[in-house]
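Working notes, beginning with the structure itself.
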Amino acid sequence: MNQLLKSLNSVQREAVLRTAGPLVIFAGAGSGKTRIITTRIAWLIEQGVYPWQILAVTFTNKASREMKERLCQLSPDSRSVHIGTFHSACARWLREFAEYLGFSKDFTIYDEKDAQSALRRVMEQLRVDQGAAVSEYRYAISKAKVRGWLPADLKREVAVQPDRYPPMAGDVYHAYQEYLAQCHAMDFNDLLLNMVLLLRRNHEVKERLRKRYRYIMIDEYQDTNPAQFALISELVSEDQNLCVVGDDDQSIYSWRGADPGNILTFRQQYPTAHEIRLEQNYRCSNTIIQAAASLIRNNRTRVDKQLWTENPSGELISEDEYYDGELEAAMIAENIRKEQKLYPFAQTAVFYRTNAQSRLFEENLRRQNIPYRIYGALRFYDRAEIRDILAWIRLMVNPGDDLAFQRAIVTPPRGIGATTLVLIKDQALKEGSSLLDSLRMLAAQPELPRVTKKLQAFLGDFDKLRQDCLGASPDDVIGLILTGTGYHKWQQKKDPEQAKDRLANIHELSVAISSYYEAFPETSLAEWLRDLALAGSEEESDGGVSLMTLHSAKGLEFDRVYIAGVEDKLLPHVNSMEDSKALEEERRLLYVGMTRAKQKLSLSYARRRRIFNQWVAHRPSRFLREIPSSLIRSASPSAPVISASSGRQTTAFATGAYVSHPTFGKGKIEALENGDRYMKALVCFSEFGKRMVPVHHLKGISSL
């Protein structure tokens, strides 16, 4: 047998050997998708196809690099194969054919900041209401480009659905494109859109590229958006040597414009297409594969695949119920510590649905001295919105904090620009005062009327807000800041797409303050800030536990995985529960998370958790009922607590008893209550305040 084909199973070999005509490969999770693509390219080269006649397109630079590295190991002659992302490929072609679009070959590619600056200038020229945020228009135009819309298309949409778009969005889009052309510049989305337009309008360019690339392969085809779909359709030659690889069960990016229908309807677009299904999983234990397969079969809009593996059954999946979200995070951290020898930190991951959930895990891992890293996002306290609000809190506590002042005065913007800030700094240097005191001095000077008016407005708002904050409970301060500064409204206008997540993170910060205040009722904001600074002084570790959202987990794998917050209104998310299409995507999201686990998987939920600083009770996720009970090991008390009269109780606790807990340390029982499955105790812990915990997690001690 040919050396290239030796390590492949029969279905994989078929996918490699079928090189002529259209081919769709449904590659189940862990079925060796990248191996198929790289081996297929190497096989084509071995059969006499010139490397430069092959185009392989993927979605990320990381995936592109990995593909190149693997291909070089298989075929030393593969260096001239064109492997890249959609955007890098389009940028390369547009450099080559720029003149056909009226651009210079040295056109500039604007990043997000450049694009926003250009759009702001266009809006000023059009005298668009400055009350409208630039980001609203940027978002509308970006979405239009992803859909393949031109300005006229967006104008029609605005006319039909004016409530969904900012005023004059179509006109702004038109003027923005004219401005970019004048500057010989394109933004990121233009790379795809302009290439599609070029191929549609210029037959010569289309034919040159079609003759150049005799074989085209597309990775992660289920994630293609309308513009990418159109690009591929234009590039494919009459021979239709197009191979697309993907998994509709792992389509989780509809919010980016991805349409799984592109792979589901591939054979409708290419009637002669052959279909291959890669169903053998090489990654996960048999138990995990059976559970994931049972879950995803509940989706109606999918190609049926029978995922299977020859791997051992492994451990049952743990389904863990916790009293609240705080105990969930604490006990997961405790389990990670206990299992360290079996599952090293670097091979352990915790997944969750929303970024805001990361805070509790970060704090509990730090308490356990467990190294960690946030994958695909910033640490909770490093996020811009959190640093914004912390700057305001610091300024409320200490008006002399110049670093906090410099951030707070421009978030949200108040028309106090760089020139005025220089005046404030110069005055502070001259007088040896804080920046806030310097601002007070400048606000009292009549010779700068325009500046004075803005500074006086800021001072009026600041002084009132500080008075309100100092007179309020610490856990009410963030709400006062959001209202008093207008930060809430500013975020919603600044970036409508990200506003919900950012405001959820801010509310999670409020939860952190509330939890601290409950533990230490006599505390102050200054003490909370002090402890926060001390706790946050540790660096992330590359060799630590990986924390990430389920969206970030795609493409990764770990020996040990915890998926937390598997509850209705979290997973599935509250915004998806009334939409059958969105609900199926939430199920796919859980499926992706489950199939990242190679050996051991835990699914957990809490009976209550704080959402927007309010205690709410969630039901266990409906998805849990779709996993066969034979594959689940539900948590049960390690030492069942039975009434003292039965004589079977190993340790009896009563109100007032002193106890210790593996995570929260020492404390005193204040109340006992019967739960659904075991007894619980309300304990006032010396360091963590009051917590409701299962009695079987406690040990008796003589005193605090």
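Please note that chains go A, B, ... in the order of the structure tokens, that every chain numbers its residues from 1, and that ligands are numbered from 1 in the order shown.
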
>> Set the distance at 8 Å and use only C-alpha atoms: which residues neighbour Phe688 in chain A once local chain neighbours fewer than 4 positions away are removed? I'd like the list as a ChimeraX atom specification.
In response: /A:516,519-520,664,684

>> Please identify the alpha helix (DSSP H) residues within range 499-597 of chain A (assignment by DSSP from backbone atoms) and present them as a PyMOL selection string.
In response: chain A and resi 499-519+525-535+550-553+580-594

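Here the question is which of A:Ala42, A:Val303, A:Val545, A:Val172 gets nearest to Cys72 in chain A using only C-alpha atoms, and that residue is A:Ala42.
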
> Do you know which residues are at most 12 Å from range 418-424 of chain A counting only C-alpha atoms, after dropping those on the same chain fewer than 2 positions away, and could you put them as a PyMOL selection string?
Replying inline: chain A and resi 402+405-407+409-410+413-416+426-443+448+450-452+454-455

Could the residues in this selection be saved with N, CA and C atoms as an mmCIF file, in the first residue's frame?
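Written file, out-v5.cif:
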data_model
loop_
_atom_site.group_PDB
_atom_site.id
_atom_site.type_symbol
_atom_site.label_atom_id
_atom_site.label_comp_id
_atom_site.auth_asym_id
_atom_site.auth_seq_id
_atom_site.Cartn_x
_atom_site.Cartn_y
_atom_site.Cartn_z
ATOM 1 N N ASP A 402 -4.373 59.688 40.284
ATOM 2 C CA ASP A 402 -4.250 60.302 38.959
ATOM 3 C C ASP A 402 -4.450 59.313 37.812
ATOM 4 N N PHE A 405 -8.076 58.795 37.448
ATOM 5 C CA PHE A 405 -8.662 60.016 36.892
ATOM 6 C C PHE A 405 -8.516 60.038 35.371
ATOM 7 N N GLN A 406 -7.325 59.710 34.872
ATOM 8 C CA GLN A 406 -7.071 59.789 33.431
ATOM 9 C C GLN A 406 -7.951 58.829 32.641
ATOM 10 N N ARG A 407 -8.288 57.699 33.241
ATOM 11 C CA ARG A 407 -9.173 56.753 32.547
ATOM 12 C C ARG A 407 -10.631 57.172 32.695
ATOM 13 N N ILE A 409 -12.061 60.101 33.200
ATOM 14 C CA ILE A 409 -12.523 61.351 32.586
ATOM 15 C C ILE A 409 -12.865 61.189 31.105
ATOM 16 N N VAL A 410 -12.346 60.106 30.495
ATOM 17 C CA VAL A 410 -12.633 59.883 29.067
ATOM 18 C C VAL A 410 -13.537 58.672 28.826
ATOM 19 N N PRO A 413 -16.784 59.398 27.029
ATOM 20 C CA PRO A 413 -16.260 60.702 26.592
ATOM 21 C C PRO A 413 -17.199 61.839 26.980
ATOM 22 N N ARG A 414 -16.577 62.991 27.323
ATOM 23 C CA ARG A 414 -17.360 64.171 27.728
ATOM 24 C C ARG A 414 -16.930 65.409 26.961
ATOM 25 N N GLY A 415 -16.251 65.208 25.841
ATOM 26 C CA GLY A 415 -15.784 66.359 25.077
ATOM 27 C C GLY A 415 -14.530 66.980 25.663
ATOM 28 N N ILE A 416 -13.913 66.302 26.611
ATOM 29 C CA ILE A 416 -12.658 66.773 27.198
ATOM 30 C C ILE A 416 -11.538 66.008 26.507
ATOM 31 N N ASP A 426 -0.346 70.064 33.046
ATOM 32 C CA ASP A 426 0.603 71.173 33.240
ATOM 33 C C ASP A 426 0.284 71.933 34.526
ATOM 34 N N GLN A 427 -1.006 72.174 34.745
ATOM 35 C CA GLN A 427 -1.431 72.882 35.953
ATOM 36 C C GLN A 427 -1.072 72.063 37.204
ATOM 37 N N ALA A 428 -1.276 70.745 37.131
ATOM 38 C CA ALA A 428 -0.960 69.885 38.273
ATOM 39 C C ALA A 428 0.534 69.891 38.571
ATOM 40 N N LEU A 429 1.347 69.864 37.509
ATOM 41 C CA LEU A 429 2.798 69.893 37.682
ATOM 42 C C LEU A 429 3.249 71.213 38.299
ATOM 43 N N LYS A 430 2.627 72.288 37.853
ATOM 44 C CA LYS A 430 2.969 73.624 38.350
ATOM 45 C C LYS A 430 2.586 73.784 39.820
ATOM 46 N N GLU A 431 1.420 73.288 40.206
ATOM 47 C CA GLU A 431 0.912 73.476 41.566
ATOM 48 C C GLU A 431 1.283 72.333 42.509
ATOM 49 N N GLY A 432 1.797 71.212 41.932
ATOM 50 C CA GLY A 432 2.082 70.055 42.771
ATOM 51 C C GLY A 432 0.825 69.425 43.324
ATOM 52 N N SER A 433 -0.217 69.448 42.523
ATOM 53 C CA SER A 433 -1.524 68.956 42.980
ATOM 54 C C SER A 433 -1.934 67.716 42.202
ATOM 55 N N SER A 434 -3.021 67.086 42.627
ATOM 56 C CA SER A 434 -3.578 65.961 41.865
ATOM 57 C C SER A 434 -4.232 66.505 40.596
ATOM 58 N N LEU A 435 -4.491 65.614 39.645
ATOM 59 C CA LEU A 435 -5.128 66.042 38.393
ATOM 60 C C LEU A 435 -6.547 66.540 38.641
ATOM 61 N N LEU A 436 -7.258 65.924 39.580
ATOM 62 C CA LEU A 436 -8.617 66.376 39.866
ATOM 63 C C LEU A 436 -8.607 67.779 40.474
ATOM 64 N N ASP A 437 -7.688 68.031 41.386
ATOM 65 C CA ASP A 437 -7.583 69.377 41.968
ATOM 66 C C ASP A 437 -7.175 70.391 40.910
ATOM 67 N N SER A 438 -6.292 69.974 39.995
ATOM 68 C CA SER A 438 -5.887 70.852 38.897
ATOM 69 C C SER A 438 -7.082 71.201 38.020
ATOM 70 N N LEU A 439 -7.933 70.193 37.779
ATOM 71 C CA LEU A 439 -9.149 70.437 36.989
ATOM 72 C C LEU A 439 -10.045 71.461 37.692
ATOM 73 N N ARG A 440 -10.150 71.374 39.020
ATOM 74 C CA ARG A 440 -10.965 72.338 39.774
ATOM 75 C C ARG A 440 -10.433 73.762 39.593
ATOM 76 N N MET A 441 -9.113 73.885 39.584
ATOM 77 C CA MET A 441 -8.518 75.219 39.399
ATOM 78 C C MET A 441 -8.838 75.776 38.018
ATOM 79 N N LEU A 442 -8.689 74.925 36.989
ATOM 80 C CA LEU A 442 -8.962 75.383 35.627
ATOM 81 C C LEU A 442 -10.437 75.699 35.423
ATOM 82 N N ALA A 443 -11.285 74.948 36.095
ATOM 83 C CA ALA A 443 -12.727 75.179 35.952
ATOM 84 C C ALA A 443 -13.148 76.526 36.518
ATOM 85 N N LEU A 448 -11.119 80.746 29.740
ATOM 86 C CA LEU A 448 -11.286 79.607 28.832
ATOM 87 C C LEU A 448 -12.744 79.140 28.881
ATOM 88 N N ARG A 450 -15.111 77.861 26.851
ATOM 89 C CA ARG A 450 -15.579 76.571 26.336
ATOM 90 C C ARG A 450 -15.056 75.417 27.187
ATOM 91 N N VAL A 451 -13.779 75.493 27.513
ATOM 92 C CA VAL A 451 -13.169 74.460 28.344
ATOM 93 C C VAL A 451 -13.771 74.484 29.738
ATOM 94 N N THR A 452 -13.931 75.680 30.279
ATOM 95 C CA THR A 452 -14.454 75.835 31.643
ATOM 96 C C THR A 452 -15.836 75.208 31.785
ATOM 97 N N LYS A 454 -17.171 72.707 30.126
ATOM 98 C CA LYS A 454 -17.104 71.244 30.143
ATOM 99 C C LYS A 454 -16.536 70.732 31.467
ATOM 100 N N LEU A 455 -15.521 71.438 31.969
ATOM 101 C CA LEU A 455 -14.912 71.012 33.226
ATOM 102 C C LEU A 455 -15.872 71.183 34.391
#

> CA of Gln614 in chain A and CA of Gly479 in chain A are how many Å apart?
Replying inline: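 About the pair CA of Gln614 in chain A and CA of Gly479 in chain A: they are 12.8 Å apart.
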
Show me, as a tab-separated table, the residues of range 204-323 of chain A having an atom within 10 Å of range 591-598 of chain A, each with the closest atom pair and its distance in Å, using only C-alpha atoms.
residue	atom	partner	partner_atom	distance
A:Asp249	CA	A:Tyr591	CA	7.7
A:Gln250	CA	A:Val592	CA	6.1
A:Ser251	CA	A:Val592	CA	9.0
A:Ile252	CA	A:Val592	CA	8.6
A:Asn281	CA	A:Thr595	CA	9.5
A:Tyr282	CA	A:Lys598	CA	9.1
A:Arg283	CA	A:Lys598	CA	5.5
A:Cys284	CA	A:Lys598	CA	4.1
A:Ser285	CA	A:Lys598	CA	6.0
A:Asn286	CA	A:Lys598	CA	9.5
A:Ile288	CA	A:Thr595	CA	7.0
A:Ile289	CA	A:Thr595	CA	7.1
A:Ala291	CA	A:Met594	CA	8.4
A:Ala292	CA	A:Tyr591	CA	5.6
A:Ala293	CA	A:Tyr591	CA	8.1
A:Ser294	CA	A:Tyr591	CA	9.7
A:Leu295	CA	A:Tyr591	CA	7.1
A:Ile296	CA	A:Tyr591	CA	6.5
A:Asn311	CA	A:Lys598	CA	9.8
A:Gly314	CA	A:Lys598	CA	9.4
A:Ile317	CA	A:Met594	CA	9.9

How would the residues just chosen look if you wrote them out with all heavy atoms as a short mmCIF file (atom, residue, chain, number, x, y, z; two decimals), in the first residue's frame?
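Result file follows (part25.cif):
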data_model
loop_
_atom_site.label_atom_id
_atom_site.label_comp_id
_atom_site.auth_asym_id
_atom_site.auth_seq_id
_atom_site.Cartn_x
_atom_site.Cartn_y
_atom_site.Cartn_z
N ASP A 249 -22.69 19.62 12.70
CA ASP A 249 -22.95 19.52 14.14
C ASP A 249 -22.05 20.45 14.96
O ASP A 249 -22.26 20.61 16.16
CB ASP A 249 -22.74 18.08 14.62
CG ASP A 249 -23.84 17.15 14.12
OD1 ASP A 249 -24.94 17.64 13.83
OD2 ASP A 249 -23.58 15.93 14.03
N GLN A 250 -21.03 21.02 14.33
CA GLN A 250 -20.14 21.94 15.03
C GLN A 250 -20.25 23.37 14.50
O GLN A 250 -19.33 24.16 14.65
CB GLN A 250 -18.69 21.45 14.92
CG GLN A 250 -18.46 20.10 15.59
CD GLN A 250 -17.01 19.69 15.59
OE1 GLN A 250 -16.17 20.28 16.27
NE2 GLN A 250 -16.69 18.66 14.82
N SER A 251 -21.38 23.69 13.91
CA SER A 251 -21.62 25.06 13.43
C SER A 251 -22.16 25.89 14.59
O SER A 251 -23.32 25.75 14.98
CB SER A 251 -22.62 25.05 12.27
OG SER A 251 -22.83 26.36 11.80
N ILE A 252 -21.32 26.78 15.14
CA ILE A 252 -21.70 27.52 16.35
C ILE A 252 -21.45 29.03 16.21
O ILE A 252 -21.39 29.73 17.21
CB ILE A 252 -20.92 26.99 17.58
CG1 ILE A 252 -19.41 27.07 17.36
CG2 ILE A 252 -21.34 25.57 17.90
CD1 ILE A 252 -18.58 26.70 18.56
N ASN A 281 -14.29 8.36 15.64
CA ASN A 281 -13.61 9.35 16.49
C ASN A 281 -12.35 8.72 17.09
O ASN A 281 -12.39 7.61 17.59
CB ASN A 281 -14.57 9.81 17.60
CG ASN A 281 -13.91 10.75 18.60
OD1 ASN A 281 -13.16 10.32 19.47
ND2 ASN A 281 -14.20 12.02 18.47
N TYR A 282 -11.25 9.48 17.04
CA TYR A 282 -9.98 8.98 17.57
C TYR A 282 -9.60 9.70 18.87
O TYR A 282 -8.55 9.42 19.44
CB TYR A 282 -8.86 9.19 16.54
CG TYR A 282 -9.01 8.31 15.32
CD1 TYR A 282 -9.70 8.75 14.20
CD2 TYR A 282 -8.47 7.03 15.31
CE1 TYR A 282 -9.84 7.94 13.08
CE2 TYR A 282 -8.61 6.20 14.20
CZ TYR A 282 -9.30 6.66 13.08
OH TYR A 282 -9.45 5.84 11.99
N ARG A 283 -10.43 10.62 19.32
CA ARG A 283 -10.06 11.47 20.44
C ARG A 283 -10.65 11.02 21.78
O ARG A 283 -9.94 10.94 22.78
CB ARG A 283 -10.53 12.91 20.15
CG ARG A 283 -10.27 13.89 21.29
CD ARG A 283 -11.02 15.19 21.05
NE ARG A 283 -10.62 15.79 19.80
CZ ARG A 283 -11.42 16.50 19.01
NH1 ARG A 283 -12.68 16.67 19.35
NH2 ARG A 283 -10.99 17.03 17.89
N CYS A 284 -11.94 10.77 21.82
CA CYS A 284 -12.67 10.66 23.08
C CYS A 284 -12.89 9.21 23.52
O CYS A 284 -12.84 8.28 22.71
CB CYS A 284 -14.04 11.34 22.95
SG CYS A 284 -13.99 13.00 22.26
N SER A 285 -13.21 9.07 24.80
CA SER A 285 -13.61 7.76 25.31
C SER A 285 -14.96 7.38 24.70
O SER A 285 -15.72 8.24 24.24
CB SER A 285 -13.73 7.79 26.84
OG SER A 285 -14.89 8.52 27.23
N ASN A 286 -15.26 6.09 24.70
CA ASN A 286 -16.51 5.61 24.12
C ASN A 286 -17.72 6.19 24.85
O ASN A 286 -18.74 6.51 24.24
CB ASN A 286 -16.54 4.08 24.16
CG ASN A 286 -17.70 3.52 23.36
OD1 ASN A 286 -18.04 4.03 22.30
ND2 ASN A 286 -18.32 2.48 23.87
N ILE A 288 -18.00 9.13 26.34
CA ILE A 288 -18.20 10.53 25.92
C ILE A 288 -18.80 10.59 24.52
O ILE A 288 -19.72 11.38 24.26
CB ILE A 288 -16.87 11.29 26.00
CG1 ILE A 288 -16.43 11.46 27.46
CG2 ILE A 288 -17.00 12.67 25.33
CD1 ILE A 288 -15.03 12.01 27.63
N ILE A 289 -18.33 9.73 23.63
CA ILE A 289 -18.85 9.72 22.25
C ILE A 289 -20.32 9.32 22.23
O ILE A 289 -21.14 9.94 21.54
CB ILE A 289 -18.01 8.77 21.37
CG1 ILE A 289 -16.67 9.41 21.06
CG2 ILE A 289 -18.74 8.44 20.07
CD1 ILE A 289 -16.75 10.76 20.38
N ALA A 291 -22.51 9.68 24.61
CA ALA A 291 -23.30 10.76 25.21
C ALA A 291 -23.48 11.91 24.24
O ALA A 291 -24.58 12.45 24.07
CB ALA A 291 -22.62 11.24 26.50
N ALA A 292 -22.38 12.32 23.59
CA ALA A 292 -22.44 13.44 22.65
C ALA A 292 -23.31 13.09 21.46
O ALA A 292 -24.10 13.92 20.97
CB ALA A 292 -21.02 13.81 22.20
N ALA A 293 -23.19 11.86 20.96
CA ALA A 293 -24.00 11.44 19.82
C ALA A 293 -25.49 11.42 20.17
O ALA A 293 -26.34 11.83 19.37
CB ALA A 293 -23.54 10.06 19.34
N SER A 294 -25.82 10.96 21.37
CA SER A 294 -27.22 10.94 21.81
C SER A 294 -27.78 12.35 21.90
O SER A 294 -28.94 12.61 21.55
CB SER A 294 -27.33 10.24 23.16
OG SER A 294 -26.97 8.89 23.06
N LEU A 295 -26.95 13.27 22.40
CA LEU A 295 -27.38 14.66 22.52
C LEU A 295 -27.68 15.27 21.16
O LEU A 295 -28.76 15.82 20.93
CB LEU A 295 -26.28 15.47 23.23
CG LEU A 295 -26.49 17.00 23.25
CD1 LEU A 295 -27.50 17.38 24.31
CD2 LEU A 295 -25.16 17.72 23.50
N ILE A 296 -26.74 15.16 20.24
CA ILE A 296 -26.86 15.90 18.97
C ILE A 296 -27.93 15.32 18.06
O ILE A 296 -28.44 16.00 17.17
CB ILE A 296 -25.49 15.95 18.25
CG1 ILE A 296 -25.43 17.15 17.29
CG2 ILE A 296 -25.18 14.65 17.55
CD1 ILE A 296 -25.55 18.49 17.96
N ASN A 311 -12.04 3.44 21.02
CA ASN A 311 -11.41 3.74 22.31
C ASN A 311 -12.17 3.05 23.45
O ASN A 311 -13.37 2.77 23.33
CB ASN A 311 -11.38 5.25 22.56
CG ASN A 311 -10.47 5.97 21.58
OD1 ASN A 311 -9.58 5.35 20.99
ND2 ASN A 311 -10.67 7.26 21.41
N GLY A 314 -13.96 4.07 29.30
CA GLY A 314 -13.51 5.11 30.22
C GLY A 314 -14.52 5.34 31.33
O GLY A 314 -15.44 4.56 31.54
N ILE A 317 -19.72 9.86 32.79
CA ILE A 317 -19.75 11.32 32.85
C ILE A 317 -20.35 11.74 34.18
O ILE A 317 -21.40 11.24 34.59
CB ILE A 317 -20.58 11.89 31.68
CG1 ILE A 317 -19.90 11.56 30.35
CG2 ILE A 317 -20.78 13.40 31.82
CD1 ILE A 317 -20.75 11.84 29.14
#
